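These notes are about the structure you will find just below.
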Amino acid sequence: KNRFTVIGSRRDPQLRWRRWVWFNLSLDTPPSEVISTLEDCVADSGVPQVVLDPKPSAVLMEVGQGYARYALRFWICEAQPDDPSDSAIRQHALAALARRGIGLAVVTEERLVIKENERRRASLAADEIKRRKRLLSEVDLFSSLSDEELTELASHLVTAPYPKGSTITRQGRVAHWLYLIVSGNADVWMEQDGERTHLATLMPGSVVGEMGMMTGDARRATVTARTDVACLRLGKIAFQSILRARPEIASEISSVISAREGQLDLARQAAASRNENQVHREALGARIRAFFGLDE
C-alpha cells in the first residue's frame with residue numbers, strides 16, 4: 001500500500017503544515033539563548049510561505065559527545081514550496097546563529113600547530129583590522145577619531161550577516177549597537193497603524209542604529225535586507241572607553257547624528273505627504289465615480 005501524509009482538510013480555513021529543520025550546535029552556548037535565537041530568526045525572516053500563528057518553536061532534542069541537537073519547528077501555509085521554505089529558514093537560522101557567535105558542532109581533534117601557522121593567522125588578523133579601519137574611516141560618524149581610536153573600534157567589530165528579506169532592526173526595539181553595511185542593500189521603513197511605508201534604500205557604507213548605540217533610544221524605523229547584506233556590528237561598550245578618554249568627541253558625533261536624524265525626519269514627512277496625496281486621489285476618484293454612476 002502507498003503511504004501518504006494528511007496535512008489538512010477542506011474544512012480548514014487555511015492550510016497549516018508544521019516543518020522541522022535540525023541543527024547540531026556547539027555546547028558552549030546556553031540552550032535558552034540558542035532557542036530564542038532560532039525562534040526569533042523565523043519571526044524576522046520574511047519568508048512568504050511561513051506563518052507566525054502558531055508560533056515557531058525551537059527545542060533541545062538531544063545532547064551527545066560534543067554537540068547539542070536542536071529542532072526548529074515552524075508552520076507554512078502552502079504545501080508545494082516545502083523544501084524551499086525549509087532551505088530559506090535554514091539560511092536565516094545559520095545567519096542568526098553566526099551573528100550571535102553560536103557555532104555548529106564540529107569533531108574535536110588534537111593537532112600540533114607550528115609557528116608558521118601562527119604567523120599566518122596573525123598576518124590575516126592584521127589585514128582584517130586594516131580593512132575594518134578603512135571602512136570606519138569612510139563613515140562621517142567616526143571622522144573625528146584618531147588612527148589609534150579607529151584601531152580600537154575595528155578590533156571590536158562583529159560580523160553580522162543578514163539573508164535577503166530578513167529584519168536587521170525593528171522599529172520600537174531597544175538595542176545598544178549600530179550596524180555598518182559592508183555589502184548589499186537594505187530598505188528603511190516607517191511602521192504606523194499596521195502599515196509600512198518605504199523611506200529609503202541604504203547602500204554599502206551606510207550606518208544603521210547610531211541613535212540606539214549613542215543614546216539608548218528605541219529604533220525609529222525598521223530596516224530589512226533588500227539583498228543578502230553583510231554588516232559589521234559595533235556595541236556601546238566598545239565605544240565607551242574612547243568617549244571616556246576623550247569626552248569632546250561626543251559633541252562632534254552629536255552634530256553628525258543630528259543631521260542624520262533631520263534627514264530621517266524629512267523622509268518621514270515626504271512619506272506622510274505621499275500617503276495623504278494618495279488618500280486624497282482615491283477619495284476624489286470615488287466621488288467622480290459616484291457622481292457619474294460608474295460603480296452601479
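Labeling convention for the C-alpha cells: chains A, B, ... as they appear, residues from 1 per chain, ligands from 1 in order of appearance.
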
Inset, instruction - Apply DSSP to the structure's backbone, then extract all residues of segment 140-294 of chain A labelled strand (DSSP E or B) and return them as a VMD selection string. - result: chain A and resid 158 to 162 167 to 169 177 to 183 186 to 192 195 to 202 207 to 208 222 to 225 229 to 235

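Neighbours of segment 16-33 of chain A closer than or equal to 8 Å, with only C-alpha atoms counted and sequence neighbours fewer than 4 positions away skipped, come out as Ile7, Gly8, Thr37, Leu60, Gly66, Tyr67, Ala68, Arg69, Tyr70, Ala71, Leu72, Arg73, Phe74, Trp75, Ile76, Cys77, Glu78, Ala79, Asp82, Asp86, Arg90, Ile102, Gly103, Leu104, Ala105 and Val106 of chain A.
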
Legend entry - DSSP alpha helix (DSSP H) residues within segment 89-250 of chain A, listed as a ChimeraX atom specification: /A:89-99,115-137,147-154,210-215,236-245,249-250

At most 12 Å is the cut-off: for each residue in segment 56-161 of chain A with any atom that close to an atom of segment 183-191 of chain A, write down the nearest atom pair and the distance in Å rounded to one decimal, counting only C-alpha atoms, chain first then increasing number, as a Markdown table.
| residue | atom | partner | partner_atom | distance |
| --- | --- | --- | --- | --- |
| A:Leu135 | CA | A:Ser183 | CA | 11.2 |
| A:Thr159 | CA | A:Ser183 | CA | 11.8 |
| A:Ala160 | CA | A:Ser183 | CA | 11.2 |
| A:Pro161 | CA | A:Ser183 | CA | 9.7 |

Take the residues that were just selected and, keeping C-alpha atoms, output them as a compact mmCIF listing (two decimals), in the first residue's frame.
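Written output follows (result.txt):
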# COMPACT_ATOMS: atom_id res chain seq x y z
CA LEU A 135 35.60 51.06 6.35
CA THR A 159 30.44 40.19 11.65
CA ALA A 160 26.64 40.18 11.25
CA PRO A 161 25.24 38.58 8.06

Inset, instruction - May I ask which of the residues A:Ser87, A:Lys133, A:Gly165, A:His156 is the closest one to Ser241 of chain A, counting only C-alpha atoms? - result: A:His156

Inset, instruction - For Asp44 of chain A, please output as a ChimeraX atom specification all residues within 12 Å (counting only C-alpha atoms; exclusion window: fewer than 5 positions along the same chain). - result: /A:37-39,50-52,56,89,92-93,95-96,162-170,222-225

Output N, CA and C atoms for every residue in that selection, as a compact mmCIF listing (two decimals), in the first residue's frame.
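The result, written out as part_33.txt:
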# COMPACT_ATOMS: atom_id res chain seq x y z
N THR A 37 17.25 32.53 19.85
CA THR A 37 17.84 32.96 18.57
C THR A 37 17.14 32.28 17.40
N LEU A 38 16.91 30.99 17.50
CA LEU A 38 16.25 30.25 16.42
C LEU A 38 14.81 30.70 16.23
N GLU A 39 14.09 30.89 17.32
CA GLU A 39 12.69 31.30 17.21
C GLU A 39 12.57 32.71 16.63
N VAL A 50 5.88 31.17 5.23
CA VAL A 50 5.94 30.90 6.66
C VAL A 50 4.92 31.76 7.40
N VAL A 51 4.12 31.13 8.27
CA VAL A 51 3.15 31.86 9.08
C VAL A 51 3.61 31.85 10.53
N LEU A 52 3.20 32.86 11.27
CA LEU A 52 3.65 33.01 12.66
C LEU A 52 2.57 32.65 13.67
N PRO A 56 6.50 29.80 15.91
CA PRO A 56 7.60 28.84 15.76
C PRO A 56 8.16 28.45 17.12
N ILE A 89 14.60 28.95 5.68
CA ILE A 89 14.69 29.08 7.14
C ILE A 89 16.07 28.64 7.62
N HIS A 92 18.38 31.60 7.11
CA HIS A 92 18.17 32.64 8.12
C HIS A 92 18.67 32.19 9.49
N ALA A 93 18.47 30.92 9.81
CA ALA A 93 18.91 30.41 11.11
C ALA A 93 20.44 30.42 11.21
N ALA A 95 22.51 32.31 9.61
CA ALA A 95 22.97 33.70 9.71
C ALA A 95 22.74 34.25 11.11
N ALA A 96 21.58 33.94 11.70
CA ALA A 96 21.27 34.42 13.05
C ALA A 96 22.23 33.81 14.07
N TYR A 162 23.04 39.06 7.13
CA TYR A 162 21.57 39.02 7.07
C TYR A 162 21.14 38.56 5.67
N PRO A 163 20.45 37.43 5.56
CA PRO A 163 19.95 37.00 4.25
C PRO A 163 18.87 37.94 3.72
N LYS A 164 18.67 37.92 2.43
CA LYS A 164 17.64 38.73 1.78
C LYS A 164 16.28 38.50 2.44
N GLY A 165 15.60 39.62 2.75
CA GLY A 165 14.27 39.55 3.34
C GLY A 165 14.23 39.58 4.84
N SER A 166 15.36 39.39 5.51
CA SER A 166 15.35 39.36 6.97
C SER A 166 15.33 40.77 7.55
N THR A 167 14.91 40.86 8.80
CA THR A 167 14.83 42.15 9.50
C THR A 167 16.14 42.41 10.23
N ILE A 168 16.79 43.50 9.89
CA ILE A 168 18.05 43.87 10.54
C ILE A 168 17.76 44.53 11.89
N THR A 169 16.81 45.43 11.91
CA THR A 169 16.36 46.03 13.16
C THR A 169 14.91 46.45 12.98
N ARG A 170 14.16 46.44 14.08
CA ARG A 170 12.73 46.71 14.00
C ARG A 170 12.37 47.96 14.79
N THR A 222 12.18 50.60 10.89
CA THR A 222 12.51 49.20 10.62
C THR A 222 13.43 49.13 9.41
N VAL A 223 14.43 48.28 9.48
CA VAL A 223 15.37 48.11 8.37
C VAL A 223 15.38 46.63 7.98
N THR A 224 15.16 46.36 6.70
CA THR A 224 15.15 44.98 6.20
C THR A 224 16.19 44.82 5.09
N ALA A 225 16.64 43.60 4.91
CA ALA A 225 17.65 43.30 3.88
C ALA A 225 16.98 43.17 2.52

Legend entry - Best match for closeness to Ala126 of chain A among A:Ser143, A:Ala154, A:Leu180, A:Thr215, counting only C-alpha atoms: A:Ala154

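Shortest atom-to-atom contact with Thr197 of chain A among A:Ala175, A:Met211, A:Leu153, A:Ala270: A:Ala270, counting only C-alpha atoms.
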